[in-house]
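Comments concern the structure below.
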Amino acid sequence: MENVVQGVNALGEFFLLSLGKGIYSREAIMKTCYAFTDSYYIQVVKVADETTGICFYDKGEENTCQDIRTGVKQFLQSLIENQMRYIIHQETSVLHQEIVRKAFSPAVVLIDEDSQSGSLNILTSAV
């Protein structure tokens, strides 16, 4: 894995994973980073104009370099899953909004006009 570099800095030993911004969205990267915060300390850094770096630091004495390498592989797998979810959401968000609008449209006629005009009332019960 040529885009993974091992190093040491003031925070400790780390693995730096370089990711192209043109390949992965900011949202997918950040969601994936968040998912791995239970196992690793994660630091997101700018490596170059079109490259984001993810630094993995171990959280305990029991983690080894092999554990971090495995974590980086799992991170990449999860990143691809999150990127696909992001793409699917982008492609289907209009359809999703239309389905929700159609699903709740019968309830709109049951709400009195005063409730519809209130800015804080999203939906009130017709019962």
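In the structure tokens, the first chain shown is A, the next is B, and so on; residue numbers restart at 1 for each chain, and ligands run from 1 in the order shown.
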**Message:** Need to verify the contact set: A:Gly12, 8 Å, only C-alpha atoms, exclusion of same-chain residues closer than 3 positions in sequence. Can you return it as a list of chain:residue names?
**Reply:**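 Residues meeting the cut-off are A:Val8, A:Asn9, A:Tyr57.
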Residues within 6 Å of A:Thr52, please, as a PDB file with C-alpha atoms, in the first residue's frame. Count only C-alpha atoms; anything in the same chain fewer than 4 positions from it doesn't count.
ATOM      1  CA  SER A  18      -3.339   9.556   1.840  1.00  0.00           C
ATOM      2  CA  LEU A  19      -6.690   9.950   0.066  1.00  0.00           C
ATOM      3  CA  VAL A  45      -4.613  16.656   7.782  1.00  0.00           C
ATOM      4  CA  LYS A  46      -4.113  18.357   4.442  1.00  0.00           C
ATOM      5  CA  VAL A  47      -1.232  16.652   2.632  1.00  0.00           C
TER       6      VAL A  47
END
Enumerate, in order of chain and increasing residue number, the residues of stretch 11-61 of chain A with an atom no farther than 12 Å from stretch 76-100 of chain A, each with its shortest atom pair and distance in Å to one decimal, counting only C-alpha atoms, as a tab-separated table.
residue	atom	partner	partner_atom	distance
A:Leu17	CA	A:Leu76	CA	9.3
A:Ser18	CA	A:Leu76	CA	10.8
A:Leu19	CA	A:Leu76	CA	9.7
A:Lys21	CA	A:Gln83	CA	11.6
A:Gly22	CA	A:Gln83	CA	11.6
A:Ile23	CA	A:Gln83	CA	8.8
A:Tyr24	CA	A:Gln83	CA	6.3
A:Ser25	CA	A:Gln83	CA	6.7
A:Arg26	CA	A:Gln83	CA	9.3
A:Glu27	CA	A:Tyr86	CA	7.6
A:Ala28	CA	A:Asn82	CA	5.1
A:Ile29	CA	A:Leu79	CA	6.4
A:Met30	CA	A:Leu79	CA	9.2
A:Lys31	CA	A:Asn82	CA	7.3
A:Thr32	CA	A:Leu79	CA	5.6
A:Cys33	CA	A:Leu79	CA	8.6
A:Tyr34	CA	A:Leu79	CA	11.0
A:Ala35	CA	A:Ser78	CA	8.7
A:Phe36	CA	A:Ser78	CA	9.5
A:Ile54	CA	A:Leu76	CA	10.9
With a distance cut-off of 9 Å and only C-alpha atoms, select the neighbouring residues of A:Val72, excluding the residue or stretch itself and same-chain residues fewer than 2 positions from it, and output the selection as a short mmCIF file (atom, residue, chain, number, x, y, z; two decimals) with N, CA and C atoms, in the first residue's frame.
data_model
loop_
_atom_site.label_atom_id
_atom_site.label_comp_id
_atom_site.auth_asym_id
_atom_site.auth_seq_id
_atom_site.Cartn_x
_atom_site.Cartn_y
_atom_site.Cartn_z
N VAL A 4 0.17 4.51 2.20
CA VAL A 4 0.22 4.43 3.65
C VAL A 4 1.68 4.58 4.08
N PHE A 15 0.15 5.83 11.47
CA PHE A 15 0.10 5.45 10.06
C PHE A 15 -0.66 6.56 9.36
N LEU A 17 -2.57 7.63 6.01
CA LEU A 17 -3.24 7.16 4.81
C LEU A 17 -3.58 8.38 3.96
N PHE A 56 -3.60 7.57 11.84
CA PHE A 56 -4.12 6.61 12.81
C PHE A 56 -3.10 6.46 13.94
N ASP A 67 -2.07 -4.43 14.07
CA ASP A 67 -3.44 -4.04 14.36
C ASP A 67 -3.81 -2.76 13.60
N ILE A 68 -2.88 -1.82 13.55
CA ILE A 68 -3.16 -0.57 12.85
C ILE A 68 -3.25 -0.82 11.35
N ARG A 69 -2.39 -1.67 10.82
CA ARG A 69 -2.47 -2.01 9.38
C ARG A 69 -3.83 -2.62 9.06
N THR A 70 -4.30 -3.52 9.92
CA THR A 70 -5.62 -4.12 9.73
C THR A 70 -6.70 -3.04 9.83
N GLN A 74 -9.55 -1.95 7.07
CA GLN A 74 -10.98 -1.86 7.40
C GLN A 74 -11.50 -0.45 7.14
N PHE A 75 -10.68 0.55 7.40
CA PHE A 75 -11.06 1.94 7.14
C PHE A 75 -11.33 2.13 5.65
N LEU A 76 -10.45 1.61 4.81
CA LEU A 76 -10.64 1.75 3.36
C LEU A 76 -11.92 1.07 2.90
N GLN A 77 -12.21 -0.09 3.44
CA GLN A 77 -13.45 -0.79 3.09
C GLN A 77 -14.66 0.02 3.51
#
**For atom CA of A:Ala10 and atom CA of A:Gly60, the interatomic separation in Å (one decimal)** = 16.1 Å
**Prompt:** What separation in Å, quoted to one decimal, exists between atom CA of A:Gln43 and atom CA of A:Asp58?
**Reply:**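 Interatomic distance, atom CA of A:Gln43 to atom CA of A:Asp58: 11.6 Å.
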Which parts of stretch 30-111 of chain A does DSSP call helix (DSSP H, G or I) when run on the backbone here, written out as a tab-separated table (two decimals) with all heavy atoms, in the first residue's frame?
chain	number	residue	atom	x	y	z
A	30	MET	N	-15.24	11.95	6.52
A	30	MET	CA	-15.51	12.30	7.91
A	30	MET	C	-16.39	11.27	8.61
A	30	MET	O	-16.17	10.94	9.78
A	30	MET	CB	-16.15	13.69	8.00
A	30	MET	CG	-15.21	14.81	7.54
A	30	MET	SD	-13.56	14.78	8.31
A	30	MET	CE	-13.97	15.21	9.98
A	31	LYS	N	-17.38	10.71	7.92
A	31	LYS	CA	-18.21	9.66	8.52
A	31	LYS	C	-17.38	8.43	8.85
A	31	LYS	O	-17.54	7.80	9.89
A	31	LYS	CB	-19.35	9.27	7.58
A	31	LYS	CG	-20.49	10.25	7.59
A	31	LYS	CD	-21.62	9.79	6.70
A	31	LYS	CE	-22.74	10.80	6.70
A	31	LYS	NZ	-23.86	10.37	5.87
A	32	THR	N	-16.47	8.09	7.95
A	32	THR	CA	-15.62	6.93	8.18
A	32	THR	C	-14.66	7.19	9.33
A	32	THR	O	-14.45	6.32	10.18
A	32	THR	CB	-14.85	6.57	6.90
A	32	THR	OG1	-15.78	6.43	5.82
A	32	THR	CG2	-14.10	5.27	7.07
A	33	CYS	N	-14.08	8.39	9.39
A	33	CYS	CA	-13.20	8.73	10.51
A	33	CYS	C	-13.94	8.61	11.83
A	33	CYS	O	-13.42	8.03	12.80
A	33	CYS	CB	-12.66	10.16	10.34
A	33	CYS	SG	-11.41	10.32	9.07
A	34	TYR	N	-15.15	9.13	11.87
A	34	TYR	CA	-15.94	9.07	13.10
A	34	TYR	C	-16.19	7.62	13.53
A	34	TYR	O	-16.12	7.29	14.72
A	34	TYR	CB	-17.26	9.81	12.92
A	34	TYR	CG	-18.12	9.78	14.15
A	34	TYR	CD1	-17.78	10.52	15.27
A	34	TYR	CD2	-19.26	8.98	14.21
A	34	TYR	CE1	-18.55	10.48	16.43
A	34	TYR	CE2	-20.03	8.94	15.35
A	34	TYR	CZ	-19.68	9.68	16.45
A	34	TYR	OH	-20.44	9.63	17.58
A	35	ALA	N	-16.45	6.75	12.57
A	35	ALA	CA	-16.73	5.34	12.89
A	35	ALA	C	-15.53	4.65	13.52
A	35	ALA	O	-15.69	3.67	14.24
A	35	ALA	CB	-17.18	4.60	11.63
A	65	CYS	N	1.56	-2.61	15.43
A	65	CYS	CA	1.57	-2.09	14.06
A	65	CYS	C	0.66	-2.93	13.17
A	65	CYS	O	-0.01	-2.40	12.29
A	65	CYS	CB	2.99	-2.08	13.51
A	65	CYS	SG	4.04	-0.84	14.28
A	66	GLN	N	0.63	-4.23	13.41
A	66	GLN	CA	-0.22	-5.11	12.61
A	66	GLN	C	-1.68	-4.76	12.82
A	66	GLN	O	-2.48	-4.77	11.89
A	66	GLN	CB	0.04	-6.58	12.97
A	66	GLN	CG	-0.69	-7.56	12.08
A	66	GLN	CD	-0.25	-7.46	10.63
A	66	GLN	OE1	0.90	-7.16	10.32
A	66	GLN	NE2	-1.17	-7.69	9.71
A	67	ASP	N	-2.07	-4.43	14.07
A	67	ASP	CA	-3.44	-4.04	14.36
A	67	ASP	C	-3.81	-2.76	13.60
A	67	ASP	O	-4.91	-2.63	13.08
A	67	ASP	CB	-3.64	-3.80	15.86
A	67	ASP	CG	-3.53	-5.07	16.68
A	67	ASP	OD1	-3.75	-6.17	16.13
A	67	ASP	OD2	-3.22	-4.97	17.88
A	68	ILE	N	-2.88	-1.82	13.55
A	68	ILE	CA	-3.16	-0.57	12.85
A	68	ILE	C	-3.25	-0.82	11.35
A	68	ILE	O	-4.12	-0.26	10.67
A	68	ILE	CB	-2.11	0.51	13.19
A	68	ILE	CG1	-2.21	0.86	14.68
A	68	ILE	CG2	-2.31	1.76	12.35
A	68	ILE	CD1	-1.18	1.86	15.16
A	69	ARG	N	-2.39	-1.67	10.82
A	69	ARG	CA	-2.47	-2.01	9.38
A	69	ARG	C	-3.83	-2.62	9.06
A	69	ARG	O	-4.44	-2.28	8.05
A	69	ARG	CB	-1.35	-2.97	9.00
A	69	ARG	CG	-0.01	-2.34	8.86
A	69	ARG	CD	1.01	-3.31	8.29
A	69	ARG	NE	2.32	-2.75	8.36
A	69	ARG	CZ	3.25	-3.10	9.24
A	69	ARG	NH1	3.01	-4.07	10.11
A	69	ARG	NH2	4.42	-2.51	9.26
A	70	THR	N	-4.30	-3.52	9.92
A	70	THR	CA	-5.62	-4.12	9.73
A	70	THR	C	-6.70	-3.04	9.83
A	70	THR	O	-7.65	-3.03	9.05
A	70	THR	CB	-5.86	-5.22	10.78
A	70	THR	OG1	-4.84	-6.20	10.66
A	70	THR	CG2	-7.22	-5.86	10.60
A	71	GLY	N	-6.55	-2.12	10.77
A	71	GLY	CA	-7.50	-1.03	10.91
A	71	GLY	C	-7.55	-0.15	9.68
A	71	GLY	O	-8.63	0.29	9.26
A	72	VAL	N	-6.40	0.11	9.07
A	72	VAL	CA	-6.35	0.92	7.84
A	72	VAL	C	-7.10	0.21	6.72
A	72	VAL	O	-7.86	0.83	5.98
A	72	VAL	CB	-4.90	1.24	7.44
A	72	VAL	CG1	-4.83	1.86	6.06
A	72	VAL	CG2	-4.25	2.17	8.47
A	73	LYS	N	-6.93	-1.08	6.60
A	73	LYS	CA	-7.64	-1.85	5.57
A	73	LYS	C	-9.15	-1.79	5.81
A	73	LYS	O	-9.93	-1.61	4.88
A	73	LYS	CB	-7.16	-3.30	5.56
A	73	LYS	CG	-5.76	-3.47	5.03
A	73	LYS	CD	-5.31	-4.91	5.13
A	73	LYS	CE	-3.87	-5.07	4.71
A	73	LYS	NZ	-3.39	-6.45	4.87
A	74	GLN	N	-9.55	-1.95	7.07
A	74	GLN	CA	-10.98	-1.86	7.40
A	74	GLN	C	-11.50	-0.45	7.14
A	74	GLN	O	-12.64	-0.28	6.69
A	74	GLN	CB	-11.21	-2.25	8.86
A	74	GLN	CG	-10.96	-3.70	9.14
A	74	GLN	CD	-10.97	-4.02	10.63
A	74	GLN	OE1	-10.92	-3.14	11.48
A	74	GLN	NE2	-11.03	-5.32	10.94
A	75	PHE	N	-10.68	0.55	7.40
A	75	PHE	CA	-11.06	1.94	7.14
A	75	PHE	C	-11.33	2.13	5.65
A	75	PHE	O	-12.33	2.74	5.27
A	75	PHE	CB	-9.94	2.88	7.60
A	75	PHE	CG	-10.24	4.33	7.40
A	75	PHE	CD1	-10.86	5.06	8.39
A	75	PHE	CD2	-9.90	4.98	6.22
A	75	PHE	CE1	-11.14	6.41	8.21
A	75	PHE	CE2	-10.17	6.31	6.03
A	75	PHE	CZ	-10.80	7.04	7.03
A	76	LEU	N	-10.45	1.61	4.81
A	76	LEU	CA	-10.64	1.75	3.36
A	76	LEU	C	-11.92	1.07	2.90
A	76	LEU	O	-12.64	1.61	2.06
A	76	LEU	CB	-9.43	1.19	2.61
A	76	LEU	CG	-8.16	2.03	2.70
A	76	LEU	CD1	-6.98	1.26	2.14
A	76	LEU	CD2	-8.34	3.35	1.97
A	77	GLN	N	-12.21	-0.09	3.44
A	77	GLN	CA	-13.45	-0.79	3.09
A	77	GLN	C	-14.66	0.02	3.51
A	77	GLN	O	-15.61	0.20	2.74
A	77	GLN	CB	-13.49	-2.18	3.74
A	77	GLN	CG	-14.70	-2.98	3.38
A	77	GLN	CD	-14.78	-3.33	1.90
A	77	GLN	OE1	-13.77	-3.56	1.27
A	77	GLN	NE2	-15.97	-3.34	1.36
A	78	SER	N	-14.64	0.54	4.71
A	78	SER	CA	-15.75	1.36	5.22
A	78	SER	C	-15.87	2.66	4.43
A	78	SER	O	-16.98	3.14	4.18
A	78	SER	CB	-15.52	1.65	6.70
A	78	SER	OG	-16.59	2.34	7.24
A	79	LEU	N	-14.74	3.23	4.02
A	79	LEU	CA	-14.75	4.46	3.23
A	79	LEU	C	-15.45	4.24	1.89
A	79	LEU	O	-16.25	5.08	1.46
A	79	LEU	CB	-13.32	4.96	3.03
A	79	LEU	CG	-13.16	6.24	2.22
A	79	LEU	CD1	-13.88	7.40	2.88
A	79	LEU	CD2	-11.68	6.54	2.03
A	80	ILE	N	-15.19	3.14	1.26
A	80	ILE	CA	-15.85	2.83	-0.02
A	80	ILE	C	-17.35	2.69	0.20
A	80	ILE	O	-18.15	3.19	-0.60
A	80	ILE	CB	-15.24	1.56	-0.66
A	80	ILE	CG1	-13.82	1.88	-1.14
A	80	ILE	CG2	-16.10	1.05	-1.80
A	80	ILE	CD1	-13.03	0.67	-1.58
A	81	GLU	N	-17.75	2.01	1.26
A	81	GLU	CA	-19.18	1.87	1.57
A	81	GLU	C	-19.83	3.24	1.79
A	81	GLU	O	-20.92	3.51	1.27
A	81	GLU	CB	-19.37	0.98	2.79
A	81	GLU	CG	-19.00	-0.47	2.56
A	81	GLU	CD	-18.99	-1.28	3.84
A	81	GLU	OE1	-19.35	-0.75	4.92
A	81	GLU	OE2	-18.61	-2.45	3.76
A	82	ASN	N	-19.17	4.10	2.56
A	82	ASN	CA	-19.73	5.43	2.81
A	82	ASN	C	-19.77	6.28	1.55
A	82	ASN	O	-20.70	7.06	1.36
A	82	ASN	CB	-18.94	6.15	3.91
A	82	ASN	CG	-19.30	5.65	5.29
A	82	ASN	OD1	-20.44	5.26	5.53
A	82	ASN	ND2	-18.35	5.63	6.19
A	83	GLN	N	-18.77	6.13	0.69
A	83	GLN	CA	-18.78	6.88	-0.57
A	83	GLN	C	-19.93	6.42	-1.45
A	83	GLN	O	-20.61	7.24	-2.08
A	83	GLN	CB	-17.44	6.71	-1.30
A	83	GLN	CG	-17.35	7.51	-2.59
A	83	GLN	CD	-17.43	9.02	-2.37
A	83	GLN	OE1	-16.98	9.53	-1.36
A	83	GLN	NE2	-18.01	9.73	-3.32
A	84	MET	N	-20.20	5.12	-1.49
A	84	MET	CA	-21.32	4.62	-2.28
A	84	MET	C	-22.65	5.11	-1.71
A	84	MET	O	-23.55	5.49	-2.46
A	84	MET	CB	-21.31	3.09	-2.35
A	84	MET	CG	-20.23	2.54	-3.27
A	84	MET	SD	-20.26	3.28	-4.93
A	84	MET	CE	-21.90	2.90	-5.48
A	85	ARG	N	-22.79	5.14	-0.40
A	85	ARG	CA	-24.00	5.68	0.21
A	85	ARG	C	-24.19	7.14	-0.16
A	85	ARG	O	-25.30	7.58	-0.45
A	85	ARG	CB	-23.95	5.54	1.74
A	85	ARG	CG	-24.16	4.15	2.22
A	85	ARG	CD	-24.24	4.12	3.75
A	85	ARG	NE	-24.29	2.76	4.21
A	85	ARG	CZ	-23.27	2.11	4.77
A	85	ARG	NH1	-22.12	2.73	4.96
A	85	ARG	NH2	-23.40	0.86	5.15
A	86	TYR	N	-23.10	7.90	-0.16
A	86	TYR	CA	-23.15	9.31	-0.53
A	86	TYR	C	-23.59	9.47	-1.99
A	86	TYR	O	-24.45	10.30	-2.29
A	86	TYR	CB	-21.77	9.95	-0.31
A	86	TYR	CG	-21.71	11.39	-0.72
A	86	TYR	CD1	-22.23	12.39	0.09
A	86	TYR	CD2	-21.11	11.76	-1.92
A	86	TYR	CE1	-22.17	13.72	-0.28
A	86	TYR	CE2	-21.05	13.09	-2.31
A	86	TYR	CZ	-21.58	14.06	-1.48
A	86	TYR	OH	-21.52	15.37	-1.86
A	87	ILE	N	-23.04	8.68	-2.87
A	87	ILE	CA	-23.40	8.74	-4.30
A	87	ILE	C	-24.87	8.38	-4.49
A	87	ILE	O	-25.61	9.07	-5.20
A	87	ILE	CB	-22.50	7.82	-5.14
A	87	ILE	CG1	-21.06	8.37	-5.18
A	87	ILE	CG2	-23.04	7.63	-6.55
A	87	ILE	CD1	-20.05	7.41	-5.75
A	88	ILE	N	-25.31	7.31	-3.84
A	88	ILE	CA	-26.71	6.89	-3.96
A	88	ILE	C	-27.64	7.96	-3.42
A	88	ILE	O	-28.68	8.26	-4.02
A	88	ILE	CB	-26.93	5.53	-3.26
A	88	ILE	CG1	-26.21	4.43	-4.05
A	88	ILE	CG2	-28.40	5.22	-3.10
A	88	ILE	CD1	-26.11	3.11	-3.33
A	89	HIS	N	-27.26	8.56	-2.29
A	89	HIS	CA	-28.08	9.64	-1.73
A	89	HIS	C	-28.17	10.81	-2.71
A	89	HIS	O	-29.26	11.37	-2.92
A	89	HIS	CB	-27.53	10.11	-0.39
A	89	HIS	CG	-28.24	11.29	0.16
A	89	HIS	ND1	-29.51	11.20	0.69
A	89	HIS	CD2	-27.89	12.59	0.25
A	89	HIS	CE1	-29.91	12.40	1.08
A	89	HIS	NE2	-28.93	13.27	0.82
A	90	GLN	N	-27.06	11.19	-3.31
A	90	GLN	CA	-27.05	12.29	-4.27
A	90	GLN	C	-27.96	11.98	-5.47
A	90	GLN	O	-28.66	12.85	-5.96
A	90	GLN	CB	-25.63	12.57	-4.77
A	90	GLN	CG	-24.69	13.10	-3.72
A	90	GLN	CD	-25.10	14.46	-3.21
A	90	GLN	OE1	-25.70	14.56	-2.16
A	90	GLN	NE2	-24.80	15.49	-3.95
A	91	GLU	N	-27.92	10.75	-5.93
A	91	GLU	CA	-28.69	10.36	-7.11
A	91	GLU	C	-30.17	10.16	-6.83
A	91	GLU	O	-30.99	10.29	-7.74
A	91	GLU	CB	-28.10	9.08	-7.72
A	91	GLU	CG	-26.74	9.28	-8.32
A	91	GLU	CD	-26.13	7.99	-8.86
A	91	GLU	OE1	-26.71	6.89	-8.63
A	91	GLU	OE2	-25.07	8.08	-9.51
A	92	THR	N	-30.53	9.84	-5.59
A	92	THR	CA	-31.93	9.49	-5.31
A	92	THR	C	-32.63	10.44	-4.35
A	92	THR	O	-33.77	10.18	-3.96
A	92	THR	CB	-32.01	8.06	-4.74
A	92	THR	OG1	-31.29	8.02	-3.50
A	92	THR	CG2	-31.47	7.04	-5.71
A	93	SER	N	-32.00	11.54	-3.95
A	93	SER	CA	-32.61	12.41	-2.95
A	93	SER	C	-33.91	13.04	-3.44
A	93	SER	O	-34.86	13.19	-2.67
A	93	SER	CB	-31.63	13.50	-2.50
A	93	SER	OG	-31.29	14.34	-3.58
A	94	VAL	N	-33.98	13.39	-4.72
A	94	VAL	CA	-35.22	13.98	-5.26
A	94	VAL	C	-36.35	12.95	-5.21
A	94	VAL	O	-37.47	13.27	-4.80
A	94	VAL	CB	-34.99	14.49	-6.70
A	94	VAL	CG1	-36.30	14.94	-7.33
A	94	VAL	CG2	-33.98	15.62	-6.71
A	95	LEU	N	-36.05	11.74	-5.59
A	95	LEU	CA	-37.04	10.66	-5.54
A	95	LEU	C	-37.47	10.40	-4.10
A	95	LEU	O	-38.66	10.24	-3.81
A	95	LEU	CB	-36.48	9.39	-6.16
A	95	LEU	CG	-37.39	8.17	-6.17
A	95	LEU	CD1	-38.65	8.45	-6.96
A	95	LEU	CD2	-36.65	6.98	-6.73
A	96	HIS	N	-36.53	10.38	-3.17
A	96	HIS	CA	-36.85	10.17	-1.75
A	96	HIS	C	-37.78	11.26	-1.23
A	96	HIS	O	-38.78	10.97	-0.55
A	96	HIS	CB	-35.55	10.15	-0.94
A	96	HIS	CG	-35.77	9.98	0.52
A	96	HIS	ND1	-35.84	11.05	1.39
A	96	HIS	CD2	-35.95	8.87	1.28
A	96	HIS	CE1	-36.05	10.61	2.61
A	96	HIS	NE2	-36.11	9.29	2.58
A	97	GLN	N	-37.50	12.51	-1.56
A	97	GLN	CA	-38.35	13.61	-1.12
A	97	GLN	C	-39.75	13.49	-1.70
A	97	GLN	O	-40.74	13.77	-1.02
A	97	GLN	CB	-37.73	14.95	-1.53
A	97	GLN	CG	-36.47	15.29	-0.77
A	97	GLN	CD	-35.78	16.52	-1.32
A	97	GLN	OE1	-36.21	17.12	-2.29
A	97	GLN	NE2	-34.66	16.88	-0.71
A	98	GLU	N	-39.86	13.08	-2.93
A	98	GLU	CA	-41.17	12.92	-3.57
A	98	GLU	C	-41.96	11.79	-2.91
A	98	GLU	O	-43.17	11.92	-2.69
A	98	GLU	CB	-41.00	12.65	-5.07
A	98	GLU	CG	-42.29	12.57	-5.84
A	98	GLU	CD	-43.09	13.88	-5.84
A	98	GLU	OE1	-42.50	14.96	-5.64
A	98	GLU	OE2	-44.32	13.81	-6.04
A	99	ILE	N	-41.31	10.70	-2.58
A	99	ILE	CA	-41.98	9.58	-1.92
A	99	ILE	C	-42.50	10.01	-0.55
A	99	ILE	O	-43.65	9.72	-0.18
A	99	ILE	CB	-41.04	8.36	-1.80
A	99	ILE	CG1	-40.80	7.77	-3.19
A	99	ILE	CG2	-41.60	7.32	-0.85
A	99	ILE	CD1	-39.72	6.71	-3.24
A	100	VAL	N	-41.70	10.73	0.21
A	100	VAL	CA	-42.12	11.19	1.53
A	100	VAL	C	-43.27	12.19	1.38
A	100	VAL	O	-44.25	12.13	2.14
A	100	VAL	CB	-40.94	11.82	2.29
A	100	VAL	CG1	-41.39	12.52	3.56
A	100	VAL	CG2	-39.90	10.74	2.62
A	101	ARG	N	-43.19	13.08	0.41
A	101	ARG	CA	-44.27	14.06	0.20
A	101	ARG	C	-45.57	13.35	-0.14
A	101	ARG	O	-46.63	13.66	0.42
A	101	ARG	CB	-43.89	15.02	-0.93
A	101	ARG	CG	-44.87	16.19	-1.08
A	101	ARG	CD	-44.48	17.10	-2.23
A	101	ARG	NE	-44.65	16.47	-3.53
A	101	ARG	CZ	-45.83	16.27	-4.13
A	101	ARG	NH1	-46.94	16.63	-3.54
A	101	ARG	NH2	-45.89	15.70	-5.32
A	102	LYS	N	-45.52	12.36	-1.01
A	102	LYS	CA	-46.72	11.60	-1.38
A	102	LYS	C	-47.26	10.81	-0.19
A	102	LYS	O	-48.46	10.71	0.00
A	102	LYS	CB	-46.42	10.65	-2.54
A	102	LYS	CG	-46.15	11.31	-3.85
A	102	LYS	CD	-47.41	11.51	-4.58
A	102	LYS	CE	-47.06	12.02	-5.98
A	102	LYS	NZ	-48.21	12.40	-6.72
A	103	ALA	N	-46.37	10.25	0.60
A	103	ALA	CA	-46.80	9.44	1.74
A	103	ALA	C	-47.55	10.26	2.78
A	103	ALA	O	-48.51	9.79	3.38
A	103	ALA	CB	-45.60	8.75	2.37
A	104	PHE	N	-47.13	11.50	2.98
A	104	PHE	CA	-47.75	12.33	4.00
A	104	PHE	C	-48.79	13.30	3.47
A	104	PHE	O	-49.43	14.00	4.23
A	104	PHE	CB	-46.67	13.11	4.77
A	104	PHE	CG	-45.88	12.24	5.71
A	104	PHE	CD1	-44.60	11.84	5.38
A	104	PHE	CD2	-46.43	11.81	6.90
A	104	PHE	CE1	-43.86	11.03	6.23
A	104	PHE	CE2	-45.71	11.00	7.76
A	104	PHE	CZ	-44.42	10.61	7.42
A	105	SER	N	-49.01	13.32	2.18
A	105	SER	CA	-49.98	14.27	1.61
A	105	SER	C	-51.41	14.03	2.11
A	105	SER	O	-52.14	15.01	2.31
A	105	SER	CB	-49.93	14.26	0.09
A	105	SER	OG	-50.31	13.02	-0.43
A	106	PRO	N	-51.90	12.80	2.35
A	106	PRO	CA	-53.27	12.65	2.90
A	106	PRO	C	-53.42	13.28	4.28
A	106	PRO	O	-54.50	13.75	4.62
A	106	PRO	CB	-53.46	11.13	2.97
A	106	PRO	CG	-52.52	10.57	1.98
A	106	PRO	CD	-51.35	11.50	1.99
A	107	ALA	N	-52.38	13.34	5.07
A	107	ALA	CA	-52.47	13.91	6.41
A	107	ALA	C	-52.55	15.42	6.39
A	107	ALA	O	-53.06	16.03	7.32
A	107	ALA	CB	-51.26	13.47	7.23
A	108	VAL	N	-52.07	16.04	5.33
A	108	VAL	CA	-52.06	17.49	5.25
A	108	VAL	C	-53.48	18.06	5.25
A	108	VAL	O	-53.73	19.09	5.87
A	108	VAL	CB	-51.27	17.96	4.01
A	108	VAL	CG1	-51.39	19.46	3.80
A	108	VAL	CG2	-49.81	17.57	4.15
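Rounded to one decimal, atom CA of A:Gly7 and atom CA of A:Asp49 lie 21.4 Å from each other.
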